[in-house]
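The block underneath contains the structure these notes are about, expressed in structure tokens.
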Amino acid sequence: MMKDFQKLDVPELKNMARTIRKDIVQMVHAAGSGHPGGSLSAADIATALYFNVMNIRPQQPHWEDRDRFVLSKGHCCPVLYACLGRRGFFDVAELNTLRKFGSKLQGHPDMNKCPGVEMSAGTLGNGLGCAVGMALAGRLQGKAHKIFVLLGDGECQEGSVWEAAMCAAHHKLANLIAIVDVNRLQILGTTAQIMDVAPLADKWRSFGWKVLDVDGHDMDRVLATLDNAKRMEGPVVILAATVKGKGVSFMEDAVRWHGAAPSDKELELAVKEIEGAAA
């Protein structure tokens with residue numbers, strides 16, 4: 001299906017993001033557990049990357065010249081799995097096996113089980129360090145591919161994030177682009193309440209990074225910002241302002257939906273809202 005894949009344009013990307021959002025709520029409902037909030041907030045960014053920006057070959061998941069995507073906030077794997085399935089890495093029918101025993105779609109991504117997963121994730125704060133290693137390896141090998149890594153803003157409370165940020169700036173990794181999903185919520189409350197990470201832009205700049213800001217739900221701006229980041233001398237971080245649970249009104253900006261599965265009735269309402277957004 002994706003052998004002669006053509007990049008999606010903005011209207012097509014918006015439609016695909018709705019499909020990804022529907023996949024997310026259906027997967028988490030089928031599993032009876034999971035993390036819909038942060039998956040929904042990242043849906044537009046992930047859709048832009050997988051269906052327009054990144055140079056990848058689903059039929060050759062280990063193609064050495066591919067761009068890499070690292071999901072550092074691994075609990076939000078539903079958005080990654082939905083993109084991988086829709087992009088052709090595996091049959092989309094497998095999406096409803098999320099968190100099932102023996103499934104390749106574990107509750108956190110497993111690079112040894114699921115094609116297209118670049119890093120096994122679980123403990124927060126590790127993705128940027130792994131992405132730095134990938135970027136260094138790519139440069140040493142003379143490769144032109146890019147490394148993209150998606151972090152959560154709550155995850156930026158982890159000290160290992162800043163150690164990796166310092167390393168990336170020291171080595172002037174122009175092939176590394178970090179994206180922070182700034183949805184302002186984490187499992188126990190707001191990031192401001194738990195441990196305030198603001199001002200994020202100043203922190204990243206102080207560590208030697210170029211900083212770009214974007215509305216993480218404006219597909220036109222997301223594409224333009226990613227394109228800008230690819231052309232800049234790096235490392236570059238994109239701070240994407242998002243809404244946790246975006247696309248489902250009763251999940252938006254609600255801490256409860258960090259890690260909870262919708263009921264049958266809630267799923268029905270969520271799917272109707274997502275499908276209705278196309279009208």
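We label chains A, B, ... in the order they appear in the structure tokens, count residues from 1 in each chain, and number ligands from 1 in the order shown.
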List every residue of segment 248-271 of chain A that has an atom at most 12 Å from any atom of segment 185-193 of chain A, and for each one report the closest atom pair and its distance in Å to one decimal, counting only C-alpha atoms, with rows sorted by chain and then by increasing residue number, as a Markdown table.
| residue | atom | partner | partner_atom | distance |
| --- | --- | --- | --- | --- |
| A:Met251 | CA | A:Leu185 | CA | 12.0 |
| A:Glu252 | CA | A:Leu185 | CA | 10.5 |
| A:Asp253 | CA | A:Leu185 | CA | 7.5 |
| A:Ala254 | CA | A:Leu185 | CA | 8.1 |
| A:Val255 | CA | A:Gly189 | CA | 6.0 |
| A:Arg256 | CA | A:Ile187 | CA | 7.8 |
| A:Trp257 | CA | A:Ile187 | CA | 8.7 |
| A:His258 | CA | A:Ile187 | CA | 5.7 |
| A:Gly259 | CA | A:Ile187 | CA | 7.3 |
| A:Ala260 | CA | A:Ile187 | CA | 10.5 |
Polymer residues at most 10 Å from Val70 of chain A, only C-alpha atoms, same-chain spacing of 4 or more positions, as JSON, numbers by chain: {"A": [74, 80, 117, 118, 119, 120, 121, 126, 127, 128, 130, 131, 134, 147, 148, 149, 150, 151, 178]}
Exercise: Gly129 of chain A partners within 9 Å, only C-alpha atoms, chain neighbours under 2 positions left out, as a list in words: Gly125, Asn126, Gly127, Ala131, Val132, Gly133, Met134, Ser160, Val161, Glu163, Ala164, Ala165, Cys167 and Ala168 of chain A
Residue contacts of Lys14 of chain A (10 Å, only C-alpha atoms) excluding same-chain residues fewer than 5 positions away, as a list in words: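 Skipping anything fewer than 5 positions along the chain leaves Leu8, Asp9, Thr19, Ile20, Ala43, Asp44, Thr47, Ala48, His217, Asp218, Met219, Asp220, Ala277 and Ala278 of chain A.
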Segment 64-277 of chain A: residues DSSP assigns to strand (DSSP E), reported as a VMD selection string: chain A and resid 68 to 71 147 to 152 176 to 182 185 to 186 189 to 190 210 to 215 236 to 241
I need the chosen residues saved as a PDB file, in the first residue's frame, with C-alpha atoms.
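See result31.pdb below for the written result:
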ATOM      1  CA  ARG A  68      14.525   7.917  13.027  1.00  0.00           C
ATOM      2  CA  PHE A  69      11.692   8.764  15.422  1.00  0.00           C
ATOM      3  CA  VAL A  70      12.187   8.158  19.136  1.00  0.00           C
ATOM      4  CA  LEU A  71       9.120   8.260  21.385  1.00  0.00           C
ATOM      5  CA  ILE A 147      16.732  11.982  14.296  1.00  0.00           C
ATOM      6  CA  PHE A 148      13.425  13.193  15.745  1.00  0.00           C
ATOM      7  CA  VAL A 149      12.596  12.657  19.420  1.00  0.00           C
ATOM      8  CA  LEU A 150       9.303  13.448  21.156  1.00  0.00           C
ATOM      9  CA  LEU A 151       9.315  14.256  24.868  1.00  0.00           C
ATOM     10  CA  GLY A 152       6.627  15.334  27.292  1.00  0.00           C
ATOM     11  CA  LEU A 176      18.874  16.111  15.895  1.00  0.00           C
ATOM     12  CA  ILE A 177      15.418  17.657  16.352  1.00  0.00           C
ATOM     13  CA  ALA A 178      13.640  17.379  19.688  1.00  0.00           C
ATOM     14  CA  ILE A 179       9.936  18.109  20.072  1.00  0.00           C
ATOM     15  CA  VAL A 180       8.389  18.766  23.473  1.00  0.00           C
ATOM     16  CA  ASP A 181       4.663  18.102  23.745  1.00  0.00           C
ATOM     17  CA  VAL A 182       3.770  20.955  26.085  1.00  0.00           C
ATOM     18  CA  LEU A 185      -0.498  18.017  32.498  1.00  0.00           C
ATOM     19  CA  GLN A 186       1.016  14.866  33.962  1.00  0.00           C
ATOM     20  CA  GLY A 189      -1.710  17.228  38.148  1.00  0.00           C
ATOM     21  CA  THR A 190      -0.303  20.153  36.217  1.00  0.00           C
ATOM     22  CA  LYS A 210      17.919  26.647  18.984  1.00  0.00           C
ATOM     23  CA  VAL A 211      14.292  26.983  20.094  1.00  0.00           C
ATOM     24  CA  LEU A 212      11.148  27.148  17.954  1.00  0.00           C
ATOM     25  CA  ASP A 213       7.570  27.509  19.196  1.00  0.00           C
ATOM     26  CA  VAL A 214       4.444  26.218  17.487  1.00  0.00           C
ATOM     27  CA  ASP A 215       0.767  25.537  18.045  1.00  0.00           C
ATOM     28  CA  VAL A 236      16.896  22.321  17.539  1.00  0.00           C
ATOM     29  CA  VAL A 237      13.975  21.890  19.917  1.00  0.00           C
ATOM     30  CA  ILE A 238      10.370  22.617  18.992  1.00  0.00           C
ATOM     31  CA  LEU A 239       8.117  23.540  21.905  1.00  0.00           C
ATOM     32  CA  ALA A 240       4.651  22.488  20.750  1.00  0.00           C
ATOM     33  CA  ALA A 241       1.772  23.991  22.710  1.00  0.00           C
TER      34      ALA A 241
END
Distance query Ser249 of chain A at most 10 Å, only C-alpha atoms, self and fewer than 6 positions along chain excluded, as a list in words: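 The residues satisfying every condition are Leu269, Ala270, Glu273 and Ile274 of chain A.
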Contacts of Asn183 of chain A within 8 Å, only C-alpha atoms, excl. fewer than 6 positions in-chain, as a list in words: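 Residues near the query, excluding close chain neighbours: Gly38, Ser41, Gly152, Asp153, Ala241, Thr242, Val243 and Lys244 of chain A.
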Interatomic distance, atom CA of Gln59 of chain A to atom CA of Leu136 of chain A (Å, one decimal):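 Answer for the atom CA of Gln59 of chain A to atom CA of Leu136 of chain A separation: 25.7 Å.
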Ser33 of chain A surroundings by only C-alpha atoms, 7 Å radius, close-in-sequence under 4 positions cut, as a ChimeraX atom specification: /A:28-29,260-261
Check which residues of segment 28-100 of chain A sit at most 9 Å from segment 107-114 of chain A using only C-alpha atoms, and return one row each with the closest pair of atoms and their distance in Å to one decimal, ordered by chain and rising number, as CSV.
residue,atom,partner,partner_atom,distance
A:Ser33,CA,A:Gly107,CA,8.9
A:Gly34,CA,A:Gly107,CA,7.0
A:Leu71,CA,A:Pro109,CA,8.3
A:Gly74,CA,A:His108,CA,5.4
A:His75,CA,A:His108,CA,5.4
A:Cys76,CA,A:His108,CA,7.8
A:Cys77,CA,A:His108,CA,6.1
A:Pro78,CA,A:Gly107,CA,8.5
A:Leu80,CA,A:Pro109,CA,8.6
A:Tyr81,CA,A:Pro109,CA,8.6
A:Phe89,CA,A:Cys114,CA,8.7
A:Phe90,CA,A:Cys114,CA,8.5
A:Leu98,CA,A:Gly107,CA,6.9
A:Arg99,CA,A:Gly107,CA,5.1
A:Lys100,CA,A:Gly107,CA,8.6
Please, could you write that set of residues out with C-alpha atoms as a short mmCIF file (atom, residue, chain, number, x, y, z; two decimals), in the first residue's frame?
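Result file is again.cif:
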data_model
loop_
_atom_site.label_atom_id
_atom_site.label_comp_id
_atom_site.auth_asym_id
_atom_site.auth_seq_id
_atom_site.Cartn_x
_atom_site.Cartn_y
_atom_site.Cartn_z
CA SER A 33 -6.10 0.53 29.97
CA GLY A 34 -3.58 2.90 28.47
CA LEU A 71 9.12 8.26 21.39
CA GLY A 74 6.76 5.79 25.80
CA HIS A 75 3.46 5.47 27.67
CA CYS A 76 1.91 7.43 24.77
CA CYS A 77 2.64 4.54 22.40
CA PRO A 78 -0.96 4.40 21.08
CA LEU A 80 3.00 5.74 17.63
CA TYR A 81 1.32 2.40 16.93
CA PHE A 89 4.56 -1.17 9.06
CA PHE A 90 1.99 -3.80 10.07
CA LEU A 98 -2.71 -3.19 22.34
CA ARG A 99 -1.46 -4.46 25.71
CA LYS A 100 -2.60 -8.01 25.00
#
Separation of atom CA of Pro11 of chain A from atom CA of Leu105 of chain A, in Å and rounded to one decimal: 28.9 Å
